[in-house]
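Working notes for the structure below.
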Amino acid sequence: MNYQLDVIDILVLLLYALILIGMGAYFLRKSKTSEQFMVAGRGIPAWAAGIAVMSAYTSSISYIAVPGKAFDTNWHPILFALMAVPVAWFITKYVVPYYREKNIISVYGYLEEKMGAWARIYASLSFVLFMIGRTAVILYLSSLLLSQFVNIDIRYLILIIGLITVLYTLMGGMEAVIWTDVMQSIIMIGGILIASYILTKDVFSKPDYLIQNALNAHKFSWGSTAFSLNGRTILVMIIYGITENLRNLMADQNYTQKYSSVPTLKKARKSIWIAVLIYLPLTAIFLYIGTTLFAFYSGTTHVLGDTIVKGDQVFPYFIAHEIPVGVKGLIIAAILAASMSTIDSALNCSATVLFVDYYKKYFRPDSSEKTNVAFLRLTTVIWGLLGIVFAIMMIKAKSALDIWWQIAGIFGGGILGLFLLAIFNIRITLKQGLISVTFSILIIVWGTFFRNLPAHLSWLECRMDPIIIGAVGTTGMVVLALFFVAVNRNKQRLTSH
């Protein structure tokens with residue numbers, strides 16, 4: 001399907017691109033040192049850092065997939081956002097004070113102090129590889145959406161969106177990332193509020209009162225209350241929400257680097273709470289849009305096209321057919337804003353990790369500030385180009401989207417487990433650590449690939465919901481590490497006697 005944008009909508013998109021490049025150029029003069037490039041000289045206001053942390057939670061995937069999920073099923077994703085609240089309490093009370101005390105820029109340096117260099121290398125390398133894939137996926141999805149509205153080859157759209165993002169991130173560093181994230185978040189929130197208003201006006205109006213159809217179909221349900229891990233139950237979403245939010249706010253450089261950009265511990269804590277308390281209602285609005293879309297198309301007046309076969313396609317279809325000229329361009333800009341705010345952070349944080357954890361530590365510890373900034377800018381460009389290349393590769397191999405998330409699970413295997421062991425001062429040897437990480441990865445491989453097996457291999461099959469396999473892998477790693485701790489203590493006791 002291809003819907004044409006009006007001239008006004010195209011002008012809105014062009015103006016948005018020019019503003020982003022202009023902001024990058026403006027902040028160029030403020031990114032002359034490595035610290036300015038990485039954490040904006042730690043001078044960002046708490047509210048701006050909080051909005052930037054929130055933007056790390058959202059992307060084109062959120063803008064399209066969350067309403068799509070509510071359209072297809074129900075409101076179970078709200079549990080993920082709700083679990084961010086107790087996790088934020090834990091992070092602000094126990095984790096952030098330590099990060100601030102140690103003046104941490106790359107969060108993976110924390111692992112070396114607590115677990116050894118091997119943990120830092122494993123986690124940081126996994127992160128930067130994951131960021132290439134994340135950049136590629138988001139570039140591909142946002143370009144795929146935009147290609148439905150403009151007659152430009154998707155490869156050129158990937159290139160244009162990618163290069164614009166690389167350009168302003170390259171010029172302005174973390175300060176450009178955070179302030180463009182603030183602007184992009186305002187556009188994003190404005191876009192979904194407009195869409196919500198248009199849908200609300202239609203589905204709550206009489207005599208049809210279409211929202212009743214959504215109520216009758218239990219679209220506001222939060223999921224099954226069954227005590228089971230074999231489906232998208234409330235229990236599964238709570239487990240997923242706790243573990244994934246812990247990983248995000250404690251172990252993901254995309255998040256930690258932003259709340260490290262503020263001047264004080266108090267403001268770092270405040271920025272996390274701002275992020276969580278914006279993200280929670282924002283998720284509810286995304287879900288509300290999906291539910292009201294179901295109601296909107298459940299009547300006889302508005303009918304979905306024959307090409308619409310899944311929930312992810314419904315919101316773009318609604319934008320194309322129901323949103324007024326001008327506003328349509330704003331909402332598409334909002335979706336691009338959600339994407340670009342995730343990509344710019346991925347590029348800056350990847351450059352930071354490569355600089356702090358590898359270049360400065362192992363190769364050029366005494367390099368000049370000029371050389372440091374040049375390295376940060378160069379790696380920003382390289383990681384951006386790699387993301388663009390892999391995004392273009394996904395055009396022909398669309399199954400690469402699913403495959404990538406499986407590989408990402410393998411890359412991330414053990415990272416949250418390592419941070420949990422570190423935060424609770426559970427120490428194991430290098431060999432034991434590598435065995436524990438490998439065990440976690442094997443669990444994730446089993447949970448990801450050992451599905452729908454032939455009858456004679458059914459005993460090997462994983463029936464748990466795929467969304468919590470990362471949590472199961474983390475649990476496996478921590479349990480094995482605790483076993484090693486018990487073994488070590490027993491050996492010490494025998495030796496002392």
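By order of appearance in the structure tokens: chains A, B, ..., then residues from 1 within every chain, and ligands from 1 in the order shown.
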
Close residues, A:Leu460 itself excluded, 12 Å, only C-alpha atoms, min 6 positions apart in chain, as a list of chain:residue names: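 The neighbour list is A:Ile443, A:Trp446, A:Gly447, A:Phe449, A:Phe450, A:Arg451, A:Asn452, A:Leu453, A:Pro454.
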
With distances taken over only C-alpha atoms, which residue among A:Ala351, A:Val327, A:Ala455, A:Val85 lies nearest A:Phe37?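 Ranking A:Ala351, A:Val327, A:Ala455, A:Val85 by distance to A:Phe37, first place goes to A:Ala351.
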
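Our summary of the geometry notes that atom CA of A:Ser341 is positioned 5.2 Å from atom CA of A:Asp181.
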
Taking only C-alpha atoms into account, which of A:Ala295, A:Ala481, A:Leu249, A:Leu167 comes nearest A:Asn216?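 Among the listed residues, the smallest separation from A:Asn216 belongs to A:Ala295.
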
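Remark: for A:Phe424, the closest of the candidate residues A:Ser106, A:Lys114, A:Pro67, A:Ile192 is A:Lys114 (distances computed over only C-alpha atoms).
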
Could you name the residues that touch stretch 382-388 of chain A at 7 Å or less, counting only C-alpha atoms, but leaving out those on the same chain fewer than 5 positions away, as a list of chain:residue names? A:Ile132, A:Gly133, A:Thr135, A:Ala136, A:Ile158, A:Leu159, A:Gly162, A:Val166, A:Leu347

For atom CA of A:Thr225 and atom CA of A:Phe294, determine how far apart the two atoms are, in Å to one decimal place.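 Separating atom CA of A:Thr225 from atom CA of A:Phe294 is a distance of 23.3 Å.
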
For A:Asp465, the nearest of the candidates A:Thr301, A:Ser339, A:Asn230, A:Thr243, counting only C-alpha atoms: A:Asn230

In terms of the shortest atom-to-atom distance over only C-alpha atoms, which of A:Thr73, A:Gln257, A:Gln148, A:Ser34 is closest to A:Thr291? A:Thr73

Show which residues sit within 10 Å of A:Leu442, as an mmCIF file with N, CA and C atoms, in the first residue's frame. Count only C-alpha atoms, and ignore same-chain residues fewer than 3 positions away.
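New file out_32.cif:
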```cif
data_model
loop_
_atom_site.group_PDB
_atom_site.id
_atom_site.type_symbol
_atom_site.label_atom_id
_atom_site.label_comp_id
_atom_site.auth_asym_id
_atom_site.auth_seq_id
_atom_site.Cartn_x
_atom_site.Cartn_y
_atom_site.Cartn_z
ATOM 1 N N ILE A 410 20.857 -13.540 22.883
ATOM 2 C CA ILE A 410 22.099 -14.265 23.128
ATOM 3 C C ILE A 410 23.204 -13.286 23.523
ATOM 4 N N GLY A 413 22.755 -12.236 27.037
ATOM 5 C CA GLY A 413 22.720 -13.296 28.036
ATOM 6 C C GLY A 413 23.733 -13.068 29.142
ATOM 7 N N SER A 436 29.152 -19.551 34.176
ATOM 8 C CA SER A 436 27.820 -19.029 34.504
ATOM 9 C C SER A 436 27.208 -18.270 33.329
ATOM 10 N N VAL A 437 28.022 -17.430 32.660
ATOM 11 C CA VAL A 437 27.538 -16.689 31.488
ATOM 12 C C VAL A 437 27.176 -17.661 30.367
ATOM 13 N N THR A 438 28.022 -18.657 30.126
ATOM 14 C CA THR A 438 27.747 -19.660 29.083
ATOM 15 C C THR A 438 26.455 -20.407 29.382
ATOM 16 N N PHE A 439 26.243 -20.751 30.647
ATOM 17 C CA PHE A 439 25.014 -21.449 31.050
ATOM 18 C C PHE A 439 23.794 -20.584 30.745
ATOM 19 N N VAL A 445 19.398 -19.831 24.281
ATOM 20 C CA VAL A 445 19.368 -20.562 23.003
ATOM 21 C C VAL A 445 18.273 -21.626 23.038
ATOM 22 N N TRP A 446 18.204 -22.372 24.142
ATOM 23 C CA TRP A 446 17.151 -23.392 24.288
ATOM 24 C C TRP A 446 15.758 -22.750 24.226
ATOM 25 N N GLY A 447 15.550 -21.689 24.985
ATOM 26 C CA GLY A 447 14.240 -21.052 25.028
ATOM 27 C C GLY A 447 13.844 -20.372 23.731
ATOM 28 N N THR A 448 14.842 -20.005 22.927
ATOM 29 C CA THR A 448 14.573 -19.302 21.674
ATOM 30 C C THR A 448 14.355 -20.251 20.502
ATOM 31 N N GLY A 473 17.136 -17.017 31.722
ATOM 32 C CA GLY A 473 18.585 -17.107 31.550
ATOM 33 C C GLY A 473 19.332 -16.393 32.677
ATOM 34 N N GLY A 476 19.034 -18.488 35.818
ATOM 35 C CA GLY A 476 19.941 -19.637 35.738
ATOM 36 C C GLY A 476 21.371 -19.248 36.068
#
```

In Å, rounded to a single decimal, give me how far atom CA of A:Ile21 is from atom CA of A:Tyr168. 5.3 Å

All helix (DSSP H, G or I) residues (DSSP, backbone) inside stretch 43-290 of chain A, as an MDAnalysis selection string: chainID A and resid 46:57 60:72 78:101 109:115 117:147 154:203 211:216 234:251 253:259 265:290

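Of the residues listed (A:Met174, A:Ser62, A:Ile10, A:Thr33), A:Thr33 shows the shortest atom-to-atom separation from A:Ser368; distances use only C-alpha atoms.
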
Need to verify the contact set: A:Ile44, 6 Å, only C-alpha atoms, exclusion of same-chain residues closer than 2 positions in sequence. Can you return it as a ChimeraX atom specification? /A:42,261-262
